[in-house]
$ cat protein-v7.txt   # compact mmCIF, C-alpha atoms and all ligand atoms
# COMPACT_ATOMS: atom_id res chain seq x y z
CA MET A 246 53.47 119.54 76.04
CA ARG A 247 53.91 115.83 76.71
CA ARG A 248 56.15 114.98 79.64
CA LYS A 249 58.83 112.50 78.69
CA LEU A 250 58.87 108.99 80.13
CA ALA A 251 61.78 106.64 80.80
CA ALA A 252 60.31 103.22 81.62
CA GLY A 253 62.35 100.23 82.75
CA ASN A 254 61.11 96.66 82.35
CA TRP A 255 63.02 94.32 84.63
CA LYS A 256 61.18 91.27 83.20
CA MET A 257 61.82 88.09 85.26
CA ASN A 258 64.97 89.53 86.80
CA GLY A 259 65.64 90.62 90.34
CA THR A 260 65.34 89.50 93.93
CA ALA A 261 65.53 91.78 96.97
CA THR A 262 69.14 92.77 96.28
CA ALA A 263 68.05 94.43 93.01
CA LEU A 264 66.22 97.07 95.04
CA ALA A 265 69.58 98.75 95.62
CA GLU A 266 69.50 99.80 91.94
CA LEU A 267 66.08 101.39 92.48
CA GLU A 268 67.33 103.15 95.60
CA THR A 269 70.10 104.71 93.52
CA LEU A 270 67.59 105.92 90.93
CA ALA A 271 65.30 107.28 93.64
CA ALA A 272 68.19 109.17 95.23
CA ALA A 273 68.65 111.12 91.98
CA GLY A 274 65.27 112.77 92.67
CA ALA A 275 62.65 114.05 90.25
CA GLN A 276 63.69 115.06 86.73
CA ALA A 277 62.72 118.40 85.22
CA GLN A 278 60.92 117.08 82.15
CA THR A 279 61.02 113.30 82.50
CA ASP A 280 58.91 110.83 84.45
CA VAL A 281 60.71 107.65 85.49
CA LEU A 282 59.00 104.27 85.82
CA ILE A 283 60.39 100.91 86.90
CA CYS A 284 58.41 97.71 86.35
CA PRO A 285 59.99 95.05 88.56
CA PRO A 286 58.74 91.47 88.97
CA SER A 287 55.45 91.32 90.93
CA THR A 288 57.26 89.93 93.98
CA LEU A 289 59.14 93.22 94.39
CA ILE A 290 56.36 95.73 93.70
CA SER A 291 55.35 96.54 97.25
CA ARG A 292 58.93 96.74 98.48
CA ALA A 293 59.87 98.84 95.45
CA ALA A 294 56.94 101.20 95.98
CA ALA A 295 58.04 101.76 99.58
CA ILE A 296 61.45 103.11 98.56
CA SER A 297 60.94 104.52 95.07
CA GLY A 298 60.46 108.22 95.85
CA SER A 299 59.65 110.04 92.61
CA VAL A 300 60.17 106.86 90.54
CA ALA A 301 56.80 105.33 89.64
CA ILE A 302 56.36 101.57 89.96
CA GLY A 303 54.49 99.36 87.49
CA GLY A 304 53.51 95.77 86.84
CA GLN A 305 54.48 93.84 83.72
CA ASP A 306 51.05 92.32 83.02
CA CYS A 307 47.64 91.92 84.63
CA HIS A 308 44.62 89.67 84.24
CA ALA A 309 41.49 91.02 82.58
CA ASN A 310 39.36 90.02 85.58
CA ALA A 311 39.41 91.73 88.95
CA SER A 312 39.55 88.44 90.90
CA GLY A 313 38.70 84.77 90.59
CA ALA A 314 39.98 81.29 89.83
CA HIS A 315 43.06 82.21 87.76
CA THR A 316 45.99 80.42 89.37
CA GLY A 317 49.25 82.28 89.05
CA ASP A 318 47.72 85.45 87.63
CA ILE A 319 47.59 88.91 89.15
CA SER A 320 44.81 91.47 88.80
CA ALA A 321 45.10 95.18 88.17
CA GLU A 322 43.54 95.83 91.59
CA MET A 323 46.29 93.74 93.20
CA LEU A 324 48.99 95.71 91.39
CA LYS A 325 47.39 98.96 92.49
CA ASP A 326 47.06 97.69 96.05
CA ALA A 327 50.75 96.76 96.06
CA GLY A 328 51.73 100.30 95.07
CA ALA A 329 51.84 100.21 91.27
CA SER A 330 50.60 103.13 89.18
CA HIS A 331 51.28 101.65 85.73
CA VAL A 332 51.15 98.28 83.99
CA ILE A 333 52.88 97.10 80.80
CA LEU A 334 50.41 95.26 78.55
CA GLY A 335 50.87 93.31 75.33
CA HIS A 336 54.65 93.07 75.54
CA SER A 337 55.82 90.85 72.68
CA GLU A 338 57.09 88.30 75.20
CA ARG A 339 53.53 88.03 76.58
CA ARG A 340 52.11 87.90 73.07
CA GLU A 341 54.58 85.17 72.05
CA ASP A 342 55.01 83.15 75.27
CA HIS A 343 51.38 83.32 76.41
CA GLY A 344 49.53 83.62 73.12
CA GLU A 345 48.06 87.01 73.96
CA ALA A 346 46.07 88.52 71.11
CA ASP A 347 45.07 92.14 70.62
CA ALA A 348 41.63 91.44 72.14
CA ASP A 349 43.28 90.11 75.32
CA VAL A 350 45.44 93.22 75.58
CA ARG A 351 42.38 95.41 75.10
CA SER A 352 40.49 93.62 77.92
CA LYS A 353 43.49 93.94 80.21
CA ALA A 354 43.76 97.66 79.47
CA THR A 355 40.10 98.11 80.39
CA ALA A 356 40.76 96.26 83.65
CA ALA A 357 43.84 98.38 84.32
CA TRP A 358 41.86 101.59 83.81
CA SER A 359 39.07 100.36 86.10
CA ALA A 360 41.71 99.87 88.79
CA GLY A 361 43.21 103.32 88.18
CA LEU A 362 46.42 102.14 86.51
CA ILE A 363 48.07 103.72 83.47
CA SER A 364 48.49 101.17 80.65
CA VAL A 365 51.74 101.00 78.69
CA ILE A 366 50.53 99.11 75.61
CA CYS A 367 53.23 97.54 73.45
CA VAL A 368 53.10 97.01 69.70
CA GLY A 369 55.76 95.87 67.27
CA GLU A 370 56.46 93.88 64.14
CA SER A 371 58.51 90.71 63.70
CA LEU A 372 61.55 90.65 61.42
CA ALA A 373 59.59 88.71 58.79
CA GLU A 374 56.84 91.35 58.86
CA ARG A 375 59.40 94.16 58.52
CA GLU A 376 61.14 92.39 55.63
CA ALA A 377 57.81 91.83 53.90
CA ASP A 378 57.17 95.60 54.17
CA ASN A 379 54.15 95.03 56.40
CA THR A 380 55.29 97.05 59.41
CA LEU A 381 52.73 99.85 59.26
CA ASP A 382 49.84 97.44 58.61
CA ILE A 383 50.88 95.37 61.62
CA ILE A 384 51.27 98.38 63.88
CA GLY A 385 47.98 99.88 62.72
CA GLY A 386 46.17 96.61 63.39
CA GLN A 387 47.70 96.23 66.85
CA LEU A 388 46.83 99.80 67.81
CA ALA A 389 43.25 99.38 66.60
CA GLY A 390 42.82 96.02 68.32
CA SER A 391 44.67 96.55 71.58
CA ILE A 392 43.58 100.03 72.69
CA PRO A 393 40.09 100.43 74.18
CA ASP A 394 37.89 103.34 73.12
CA GLU A 395 38.28 105.13 76.46
CA ALA A 396 41.94 106.06 75.88
CA THR A 397 43.21 109.44 77.05
CA GLY A 398 46.61 111.08 77.32
CA GLU A 399 46.50 110.36 81.06
CA ASN A 400 45.62 106.64 81.04
CA LEU A 401 47.56 105.45 77.98
CA VAL A 402 51.20 105.22 76.91
CA VAL A 403 52.09 103.35 73.69
CA ALA A 404 55.45 101.63 73.24
CA TYR A 405 56.71 100.74 69.78
CA GLU A 406 58.97 97.74 70.20
CA PRO A 407 60.11 95.97 67.03
CA ILE A 408 60.38 92.34 68.18
CA TRP A 409 63.65 91.85 66.33
CA ALA A 410 65.25 94.73 68.26
CA ILE A 411 64.37 93.49 71.77
CA GLY A 412 67.43 92.19 73.59
CA THR A 413 69.35 91.72 70.34
CA GLY A 414 71.47 94.87 70.15
CA LYS A 415 69.84 95.59 66.75
CA VAL A 416 68.14 98.96 66.42
CA PRO A 417 66.06 100.22 63.48
CA THR A 418 67.38 103.21 61.60
CA MET A 419 66.26 106.55 62.97
CA SER A 420 64.11 107.06 59.89
CA GLN A 421 62.41 103.69 60.48
CA ILE A 422 61.65 104.67 64.09
CA GLY A 423 60.41 108.08 62.96
CA GLU A 424 58.18 106.58 60.28
CA VAL A 425 56.44 104.30 62.79
CA HIS A 426 56.12 106.95 65.49
CA ASP A 427 54.67 109.52 63.07
CA PHE A 428 52.28 106.84 61.81
CA MET A 429 51.20 105.95 65.35
CA ARG A 430 50.59 109.62 66.17
CA THR A 431 48.41 110.00 63.07
CA GLN A 432 46.47 106.83 63.86
CA LEU A 433 45.77 108.00 67.41
CA GLU A 434 44.71 111.45 66.22
CA MET A 435 42.38 109.94 63.62
CA ARG A 436 40.72 107.61 66.09
CA PHE A 437 40.63 109.67 69.28
CA GLY A 438 40.78 113.23 67.96
CA GLU A 439 43.69 115.64 67.89
CA GLY A 440 43.56 116.52 71.58
CA VAL A 441 43.85 112.97 72.87
CA GLY A 442 45.97 111.76 69.95
CA ARG A 443 48.58 114.44 70.57
CA SER A 444 48.70 113.88 74.32
CA VAL A 445 49.43 110.13 74.37
CA ARG A 446 53.11 109.49 75.00
CA LEU A 447 54.89 107.28 72.47
CA LEU A 448 57.92 105.30 73.65
CA TYR A 449 60.49 103.49 71.56
CA GLY A 450 61.79 100.16 72.92
CA GLY A 451 64.40 97.71 71.67
CA SER A 452 68.09 97.72 72.65
CA VAL A 453 68.07 101.30 73.95
CA LYS A 454 71.42 101.97 75.62
CA PRO A 455 73.33 105.01 76.89
CA SER A 456 75.30 104.93 73.63
CA ASN A 457 72.27 105.25 71.31
CA ALA A 458 69.78 107.09 73.54
CA THR A 459 70.52 110.65 72.42
CA GLU A 460 70.12 109.76 68.74
CA ILE A 461 66.83 107.92 69.37
CA PHE A 462 65.38 110.69 71.55
CA ALA A 463 65.96 113.22 68.76
CA VAL A 464 63.49 111.37 66.50
CA SER A 465 60.11 113.03 66.01
CA ASN A 466 57.28 111.75 68.19
CA VAL A 467 59.61 109.74 70.42
CA ASP A 468 58.58 110.80 73.93
CA GLY A 469 60.77 108.35 75.77
CA ALA A 470 61.82 104.73 75.96
CA LEU A 471 60.81 101.35 77.28
CA VAL A 472 64.09 99.78 78.32
CA GLY A 473 64.78 96.15 79.21
CA GLY A 474 68.38 95.10 79.79
CA ALA A 475 69.80 98.59 80.32
CA SER A 476 67.25 99.31 83.07
CA LEU A 477 68.68 96.67 85.37
CA LYS A 478 71.68 98.77 86.33
CA ALA A 479 71.05 102.22 87.78
CA ALA A 480 74.17 103.63 86.12
CA ASP A 481 73.00 102.66 82.62
CA PHE A 482 69.39 103.66 83.17
CA SER A 483 70.41 106.98 84.74
CA ALA A 484 72.46 107.79 81.64
CA ILE A 485 69.39 107.08 79.48
CA ILE A 486 67.21 109.26 81.75
CA THR A 487 69.76 112.08 81.52
CA ALA A 488 69.82 111.82 77.71
CA LEU A 489 66.02 111.92 77.59
CA ASP A 490 65.73 114.86 79.96
CA ALA A 491 68.20 116.79 77.81
CA ALA A 492 66.53 115.92 74.49
C1 LIG A 501 61.87 95.29 76.34
O1 LIG A 501 61.86 94.13 76.72
O2 LIG A 501 60.84 95.95 76.45
C2 LIG A 501 63.10 95.81 75.77
C3 LIG A 501 63.02 96.88 75.06
O3 LIG A 501 64.24 95.10 76.03
P1 LIG A 501 65.76 95.56 75.64
O4 LIG A 501 65.89 97.01 76.04
O5 LIG A 501 66.62 94.67 76.48
O6 LIG A 501 65.91 95.35 74.19
$ encode --input "protein-v7.txt" --output "C-alpha cells" --more "lines below"
Ligand code: PEP
Amino acid sequence: MRRKLAAGNWKMNGTATALAELETLAAAGAQAQTDVLICPPSTLISRAAAISGSVAIGGQDCHANASGAHTGDISAEMLKDAGASHVILGHSERREDHGEADADVRSKATAAWSAGLISVICVGESLAEREADNTLDIIGGQLAGSIPDEATGENLVVAYEPIWAIGTGKVPTMSQIGEVHDFMRTQLEMRFGEGVGRSVRLLYGGSVKPSNATEIFAVSNVDGALVGGASLKAADFSAIITALDAA
C-alpha cells in the first residue's frame, strides 16, 4: 500500500509570518494514511523544520553539485542540513524560467539522493502539446529523461502537473488525469519493475482546491497532490489533506 502524500509548494511566497500557517498544520498532528509536506522558500526551511512536527519540510530546487562556485544556488546537502527531507525538482516554473532540461533534473535528482533527500520530480505538458494530442509522448519523454536509474518507492515521488492547469483555475477532466496517471504507472513498472513501479507515489498538481480535491483523489493512481496557491493558507490545505485522507 502506498501512503498518500499532500505536498504544498509555497513558491516565492512567505516571510517569517507565514510560519503561523505551518504551525496550524503541525498542530493538527499526524494523519492516519497521509503524509504532509510543505516546501517553503529556502529562507524559511530551518525555521519551518524547527516547528513542523509531523509535517515534512522540503526545498523547491537544488543544484546538481554538492558545493562550489554557483552564486545564488543551493545544494541538496544544504537543504538536508537545514532540515529538509524532500526536494521538488523539474517544476515547470524551473523548466521555463531557468531553462532546465530533463538531463538537468536527472542530475539534480542524483544529487538529492546522494544527500538523502526524497525527490518530487515534476512532469507536465503545455496547452499546445495537449491540443496537439502529444501529452503521453511528452510525459513519457520527461519520465525517461528526468528520473535516474536508481529510483525506488522510497526516494522518488512523481508529480503530474499540466502546465496549463498551474495557477489558472483550469483542471483537466478526471479521465484526462486518470489516463496520464495510469500511463505513468505503466511506464514506471516497465522501466523499474513491478515492485518499484507500483510503490512510487504519483501526485496530481494544478489548481487543486478544497472544492475539487475529493473528485481528483478518487481517480485511479492518484496518490495525492502537489498544491501551490491553496497550500498557502492552512485552512485550505487542511481541507485538501482531510479529503485525501478520506479518499
Ligand atoms: C504548483 O505550482 O505546483 C501548483 C500546482 O500550483 P497551483 O496549485 O497554484 O495550481
$ closest_residue --input "protein-v7.txt" --among "A:Ile363, A:Cys284, A:Ala488, A:Ala346" --to "A:Ser391" --atoms "all atoms listed in the file"
A:Ala346
$ atom_distance --input "protein-v7.txt" --atom1 "atom CA of A:Trp358" --atom2 "atom CA of A:Phe437"
16.7 Å
$ closest_residue --input "protein-v7.txt" --among "A:Val467, A:Ala480, A:Ile383, A:Leu362" --to "A:Val403" --atoms "all atoms listed in the file"
A:Val467
$ atom_distance --input "protein-v7.txt" --atom1 "atom CA of A:Leu471" --atom2 "atom CA of A:Ala252"
4.8 Å
$ atom_distance --input "protein-v7.txt" --atom1 "atom CA of A:Ser352" --atom2 "atom CA of A:Val300"
26.9 Å
$ closest_atom_pairs --input "protein-v7.txt" --of "chain A" --to "ligand LIG 501 (chain A)" --cutoff "9 Å" --atoms "only C-alpha atoms and all ligand atoms" --output "CSV"
residue,atom,partner,partner_atom,distance
A:Ala252,CA,A:LIG501,O2,8.9
A:Gly253,CA,A:LIG501,O2,7.8
A:Asn254,CA,A:LIG501,O2,5.9
A:Trp255,CA,A:LIG501,O1,8.0
A:Lys256,CA,A:LIG501,O1,7.1
A:His336,CA,A:LIG501,O2,6.9
A:Ser337,CA,A:LIG501,O1,8.0
A:Glu338,CA,A:LIG501,O1,7.7
A:Cys367,CA,A:LIG501,O2,8.3
A:Ala404,CA,A:LIG501,O2,8.5
A:Glu406,CA,A:LIG501,C3,6.4
A:Pro407,CA,A:LIG501,C3,8.6
A:Ile408,CA,A:LIG501,C3,8.7
A:Trp409,CA,A:LIG501,O6,8.9
A:Ala410,CA,A:LIG501,O6,6.0
A:Ile411,CA,A:LIG501,O6,3.4
A:Gly412,CA,A:LIG501,O6,3.6
A:Thr413,CA,A:LIG501,O6,6.3
A:Gly414,CA,A:LIG501,O6,6.9
A:Lys415,CA,A:LIG501,O6,8.4
A:Val416,CA,A:LIG501,O6,8.9
A:Tyr449,CA,A:LIG501,C3,7.9
A:Gly450,CA,A:LIG501,C3,4.1
A:Gly451,CA,A:LIG501,C3,3.8
A:Ser452,CA,A:LIG501,O6,3.6
A:Val453,CA,A:LIG501,O4,5.2
A:Lys454,CA,A:LIG501,O4,7.4
A:Ala470,CA,A:LIG501,C3,8.0
A:Leu471,CA,A:LIG501,C3,5.5
A:Val472,CA,A:LIG501,O4,4.0
A:Gly473,CA,A:LIG501,O3,3.4
A:Gly474,CA,A:LIG501,O5,3.8
A:Ala475,CA,A:LIG501,O4,6.0
A:Ser476,CA,A:LIG501,O4,7.5
$ residues_near_point --input "protein-v7.txt" --point "(61.8, 113.4, 78.6)" --cutoff "12 Å" --atoms "only C-alpha atoms" --output "VMD selection string"
chain A and resid 246 to 252 275 to 282 446 to 448 458 to 459 461 to 463 466 to 470 485 to 492
